[in-house]
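Data first, discussion second: the structure below is written as structure tokens.
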Amino acid sequence: EFKAKLTAQLKKSLDFCCDYIPDCNTVINYKLSIAGALAAGAKALGEESYMQKAKEIVKKAPHYFSKDGLLWGEYADYTNREGDDALEIISKKGCRAVDIGYDVEETIPSLCLYAELAEDEEFKEFLKDKLYSLLPFMLDDGGWDNSFGIRTMKWTYWGSRTSDGCQGAFARFAEADPMFREVAHRNFMQYLNCTKDGMLYGGPMYIEEGELPCTHHL
């Protein structure tokens with residue numbers, strides 16, 4: 001009975017991803033990350049329609065990567081009700097909205113999950129190339145520099161408070177390049193560095209300053 005309830009809720013959530021998110025007025029993170037969820041849902045429920053929807057979403061992904069390999073679109077004009085057009089916003093200085101944090105910790109790992117489950121080798125190679133573009137933003141100790149990111153208010157020293165982590169991307173490509181394995185390892189060690197009594201704090205100085213941890217990280 002419990003499994004049936006969970007399955008029904010999963011299907012309801014996946015249908016929401018299919019029917020609402022692609023056309024709603026929101027940031028690129030949500031519009032692309034659902035590809036991983038839909039691919040996983042397709043495998044879990046045996047429903048090919050979810051995988052087909054994921055493939056449709058992924059076809060749009062290359063459009064949102066800049067010439068230097070960074071993902072843009074982390075801004076939505078909520079006064080504009082024209083769906084995807086809201087993501088085309090360019091600042092007066094000719095800049096697009098980028099958030100390294102969500103790119104490296106959620107959007108790209110979710111796309112990597114899709115590529116693995118869909119066995120899409122061409123897209124895997126595309127994503128692997130983009131990972132190299134993110135390397136300059138990792139600090140030596142495994143933290144990430146997202147100081148300029150659109151959503152820095154949800155950011156910590158080691159990563160985002162509300163995403164899965166960079167290991168979902170870099171660890172998946174560990175065999176392709178030892179550097180990717182090192183990135184995943186250093187970031188994981190930073191998690192340990194920021195943990196005390198089983199609780200993950202927002203940064204290495206939080207503990208000594210007496211700042212309380214956020215249970216959401218767990």
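Chain identifiers are assigned as A, B, and so on, following the order in which chains appear in the structure tokens; residues are numbered from 1 within each chain, and ligands are numbered from 1 in order of appearance.
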
Please report, as a PDB file with N, CA and C atoms, in the first residue's frame, each residue of segment 41-195 of chain A to which DSSP assigns strand (DSSP E or B) when run on this structure's backbone.
```
ATOM      1  N   PHE A  65      24.246  27.189 -23.648  1.00  0.00           N
ATOM      2  CA  PHE A  65      25.663  27.222 -23.292  1.00  0.00           C
ATOM      3  C   PHE A  65      26.368  28.277 -24.132  1.00  0.00           C
ATOM      4  N   LEU A  71      26.801  27.841 -18.779  1.00  0.00           N
ATOM      5  CA  LEU A  71      25.347  27.780 -18.929  1.00  0.00           C
ATOM      6  C   LEU A  71      24.728  29.090 -18.466  1.00  0.00           C
ATOM      7  N   TRP A  72      23.894  29.698 -19.292  1.00  0.00           N
ATOM      8  CA  TRP A  72      23.237  30.944 -18.913  1.00  0.00           C
ATOM      9  C   TRP A  72      21.726  30.725 -18.840  1.00  0.00           C
ATOM     10  N   VAL A  98      24.327  34.124 -15.289  1.00  0.00           N
ATOM     11  CA  VAL A  98      25.037  32.857 -15.075  1.00  0.00           C
ATOM     12  C   VAL A  98      25.142  32.603 -13.575  1.00  0.00           C
ATOM     13  N   MET A 138      36.743  26.239  -9.403  1.00  0.00           N
ATOM     14  CA  MET A 138      36.956  25.479  -8.173  1.00  0.00           C
ATOM     15  C   MET A 138      38.183  26.011  -7.455  1.00  0.00           C
ATOM     16  N   TRP A 144      33.897  26.221  -4.041  1.00  0.00           N
ATOM     17  CA  TRP A 144      33.582  26.810  -5.343  1.00  0.00           C
ATOM     18  C   TRP A 144      33.457  28.323  -5.234  1.00  0.00           C
ATOM     19  N   TRP A 155      23.987  30.054  -1.518  1.00  0.00           N
ATOM     20  CA  TRP A 155      25.280  29.412  -1.722  1.00  0.00           C
ATOM     21  C   TRP A 155      26.038  29.266  -0.409  1.00  0.00           C
ATOM     22  N   SER A 160      25.921  24.478  -3.002  1.00  0.00           N
ATOM     23  CA  SER A 160      24.583  25.026  -2.792  1.00  0.00           C
ATOM     24  C   SER A 160      23.855  24.334  -1.642  1.00  0.00           C
ATOM     25  N   THR A 195      31.958  19.706   8.461  1.00  0.00           N
ATOM     26  CA  THR A 195      31.022  18.887   9.245  1.00  0.00           C
ATOM     27  C   THR A 195      31.503  18.742  10.686  1.00  0.00           C
TER      28      THR A 195
END
```

Given only C-alpha atoms, how would the per-residue table for segment 49-113 of chain A near segment 166-182 of chain A read, listing every residue at most 7 Å away with its closest atom pair and distance in Å to one decimal, sorted by chain and number, as a Markdown table?
```
| residue | atom | partner | partner_atom | distance |
| --- | --- | --- | --- | --- |
| A:Val104 | CA | A:Cys166 | CA | 5.4 |
| A:Glu105 | CA | A:Cys166 | CA | 4.4 |
| A:Ile108 | CA | A:Ala169 | CA | 6.5 |
| A:Pro109 | CA | A:Ala169 | CA | 4.3 |
| A:Cys112 | CA | A:Ala169 | CA | 5.9 |
```

Point to revise | Polymer residues at most 8 Å from Ala37 of chain A, only C-alpha atoms, same-chain spacing of 5 or more positions, as a ChimeraX atom specification | key: /A:14,110,114

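Of the residues listed (A:Leu200, A:Leu134, A:Leu38, A:Ile21), A:Leu200 shows the shortest atom-to-atom separation from Phe188 of chain A; distances use only C-alpha atoms.
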
Point to revise | Point-to-point distance in Å for atom CA of Lys93 of chain A and atom CA of Phe148 of chain A | key: 15.2 Å

**Study point:** DSSP alpha helix (DSSP H) selection over segment 33-213 of chain A, as a ChimeraX atom specification
**Key:** /A:33-45,48-60,100-102,108-118,121-134,167-170,178-193

Exercise for review: Determine the nearest neighbour of Tyr30 of chain A from the options A:Gln52, A:Ser13, A:Thr107, A:Ser163, counting only C-alpha atoms.
Suggested key: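 Selected residue with least distance to Tyr30 of chain A: A:Thr107.
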
**Study point:** Residue contacts of Lys196 of chain A (12 Å, only C-alpha atoms) excluding same-chain residues fewer than 2 positions away, as a list of chain:residue names
**Key:** A:Tyr191, A:Leu192, A:Asn193, A:Cys194, A:Gly198, A:Met199, A:Leu200, A:Tyr201, A:Gly202, A:Gly203, A:Pro204, A:Met205, A:Tyr206, A:Ile207, A:Glu208, A:Gly210, A:Glu211, A:Leu212, A:Pro213

Requested write-out: all heavy atoms of the selected residues, as a short mmCIF file (atom, residue, chain, number, x, y, z; two decimals), in the first residue's frame:
```
data_model
loop_
_atom_site.label_atom_id
_atom_site.label_comp_id
_atom_site.auth_asym_id
_atom_site.auth_seq_id
_atom_site.Cartn_x
_atom_site.Cartn_y
_atom_site.Cartn_z
N TYR A 191 33.31 18.94 2.22
CA TYR A 191 32.11 18.59 3.00
C TYR A 191 32.52 18.13 4.41
O TYR A 191 31.95 18.55 5.41
CB TYR A 191 31.34 17.44 2.34
CG TYR A 191 30.44 17.82 1.20
CD1 TYR A 191 30.65 18.96 0.43
CD2 TYR A 191 29.36 17.00 0.86
CE1 TYR A 191 29.82 19.27 -0.63
CE2 TYR A 191 28.52 17.31 -0.20
CZ TYR A 191 28.77 18.45 -0.94
OH TYR A 191 27.93 18.76 -1.99
N LEU A 192 33.52 17.24 4.44
CA LEU A 192 33.97 16.71 5.73
C LEU A 192 34.58 17.81 6.59
O LEU A 192 34.38 17.85 7.80
CB LEU A 192 35.00 15.60 5.49
CG LEU A 192 34.50 14.35 4.77
CD1 LEU A 192 35.63 13.32 4.66
CD2 LEU A 192 33.30 13.74 5.48
N ASN A 193 35.31 18.72 5.95
CA ASN A 193 35.93 19.83 6.67
C ASN A 193 34.89 20.74 7.31
O ASN A 193 35.18 21.38 8.33
CB ASN A 193 36.80 20.63 5.70
CG ASN A 193 37.54 21.77 6.37
OD1 ASN A 193 38.11 21.60 7.45
ND2 ASN A 193 37.52 22.93 5.74
N CYS A 194 33.72 20.80 6.73
CA CYS A 194 32.66 21.68 7.23
C CYS A 194 31.63 20.94 8.08
O CYS A 194 30.56 21.46 8.36
CB CYS A 194 31.95 22.38 6.06
SG CYS A 194 33.03 23.48 5.11
N GLY A 198 28.19 15.41 12.97
CA GLY A 198 27.25 14.89 11.99
C GLY A 198 26.44 15.93 11.25
O GLY A 198 25.57 15.58 10.45
N MET A 199 26.72 17.22 11.48
CA MET A 199 25.97 18.28 10.83
C MET A 199 26.87 19.04 9.87
O MET A 199 28.00 19.41 10.21
CB MET A 199 25.41 19.25 11.87
CG MET A 199 24.44 18.61 12.86
SD MET A 199 22.95 17.96 12.06
CE MET A 199 22.18 19.48 11.52
N LEU A 200 26.37 19.29 8.67
CA LEU A 200 27.12 20.00 7.64
C LEU A 200 26.85 21.50 7.75
O LEU A 200 25.73 21.96 7.58
CB LEU A 200 26.71 19.48 6.26
CG LEU A 200 27.42 20.08 5.05
CD1 LEU A 200 28.93 19.89 5.14
CD2 LEU A 200 26.88 19.45 3.75
N TYR A 201 27.90 22.25 8.03
CA TYR A 201 27.80 23.70 8.17
C TYR A 201 28.05 24.38 6.82
O TYR A 201 28.60 23.78 5.90
CB TYR A 201 28.82 24.20 9.19
CG TYR A 201 28.47 23.88 10.63
CD1 TYR A 201 28.52 22.57 11.11
CD2 TYR A 201 28.09 24.89 11.51
CE1 TYR A 201 28.21 22.28 12.43
CE2 TYR A 201 27.78 24.60 12.84
CZ TYR A 201 27.83 23.29 13.29
OH TYR A 201 27.51 23.01 14.60
N GLY A 202 27.69 25.66 6.73
CA GLY A 202 27.80 26.37 5.46
C GLY A 202 29.21 26.68 5.01
O GLY A 202 29.44 26.97 3.84
N GLY A 203 30.16 26.62 5.91
CA GLY A 203 31.54 26.91 5.56
C GLY A 203 32.48 26.57 6.69
O GLY A 203 32.04 26.31 7.83
N PRO A 204 33.80 26.56 6.45
CA PRO A 204 34.77 26.15 7.48
C PRO A 204 34.84 27.09 8.67
O PRO A 204 35.29 26.69 9.74
CB PRO A 204 36.10 26.14 6.71
CG PRO A 204 35.88 27.01 5.51
CD PRO A 204 34.44 26.86 5.15
N MET A 205 34.40 28.35 8.54
CA MET A 205 34.46 29.30 9.66
C MET A 205 33.15 29.38 10.44
O MET A 205 33.10 30.05 11.47
CB MET A 205 34.84 30.69 9.14
CG MET A 205 36.21 30.76 8.51
SD MET A 205 36.58 32.43 7.90
CE MET A 205 38.18 32.14 7.14
N TYR A 206 32.11 28.72 9.95
CA TYR A 206 30.83 28.78 10.64
C TYR A 206 30.94 28.23 12.06
O TYR A 206 30.38 28.76 13.01
CB TYR A 206 29.77 27.98 9.88
CG TYR A 206 29.09 28.72 8.75
CD1 TYR A 206 29.83 29.44 7.81
CD2 TYR A 206 27.71 28.71 8.61
CE1 TYR A 206 29.22 30.11 6.78
CE2 TYR A 206 27.08 29.39 7.57
CZ TYR A 206 27.85 30.09 6.66
OH TYR A 206 27.24 30.76 5.64
N ILE A 207 31.65 27.12 12.19
CA ILE A 207 31.73 26.42 13.48
C ILE A 207 32.43 27.30 14.51
O ILE A 207 31.92 27.51 15.62
CB ILE A 207 32.48 25.09 13.31
CG1 ILE A 207 31.70 24.17 12.34
CG2 ILE A 207 32.67 24.40 14.65
CD1 ILE A 207 32.47 22.94 11.92
N GLU A 208 33.60 27.86 14.15
CA GLU A 208 34.35 28.67 15.11
C GLU A 208 33.65 29.97 15.45
O GLU A 208 33.87 30.55 16.52
CB GLU A 208 35.76 28.95 14.57
CG GLU A 208 35.80 29.73 13.28
CD GLU A 208 37.20 29.81 12.69
OE1 GLU A 208 37.73 28.77 12.27
OE2 GLU A 208 37.75 30.93 12.67
N GLY A 210 30.41 30.15 15.79
CA GLY A 210 29.20 29.82 16.53
C GLY A 210 27.93 29.87 15.70
O GLY A 210 26.81 29.88 16.25
N GLU A 211 28.05 29.94 14.38
CA GLU A 211 26.88 29.93 13.51
C GLU A 211 26.26 28.53 13.53
O GLU A 211 26.96 27.52 13.45
CB GLU A 211 27.26 30.30 12.08
CG GLU A 211 27.70 31.74 11.90
CD GLU A 211 26.52 32.71 11.94
OE1 GLU A 211 25.38 32.24 11.81
OE2 GLU A 211 26.76 33.92 12.11
N LEU A 212 24.95 28.48 13.59
CA LEU A 212 24.27 27.18 13.62
C LEU A 212 24.20 26.57 12.23
O LEU A 212 24.12 27.30 11.23
CB LEU A 212 22.86 27.34 14.19
CG LEU A 212 22.79 27.79 15.66
CD1 LEU A 212 21.33 28.01 16.05
CD2 LEU A 212 23.44 26.76 16.57
N PRO A 213 24.21 25.23 12.13
CA PRO A 213 24.11 24.58 10.82
C PRO A 213 22.67 24.57 10.32
O PRO A 213 21.73 24.82 11.08
CB PRO A 213 24.57 23.16 11.11
CG PRO A 213 24.15 22.92 12.53
CD PRO A 213 24.34 24.27 13.21
#
```

Exercise for review: Compare A:Gly36, A:Leu131, A:Ala54, A:Ile89 by their minimum atom-to-atom distance to Glu116 of chain A, counting only C-alpha atoms, and give me the closest one.
Suggested key: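 For Glu116 of chain A, the nearest of the candidates is A:Gly36.
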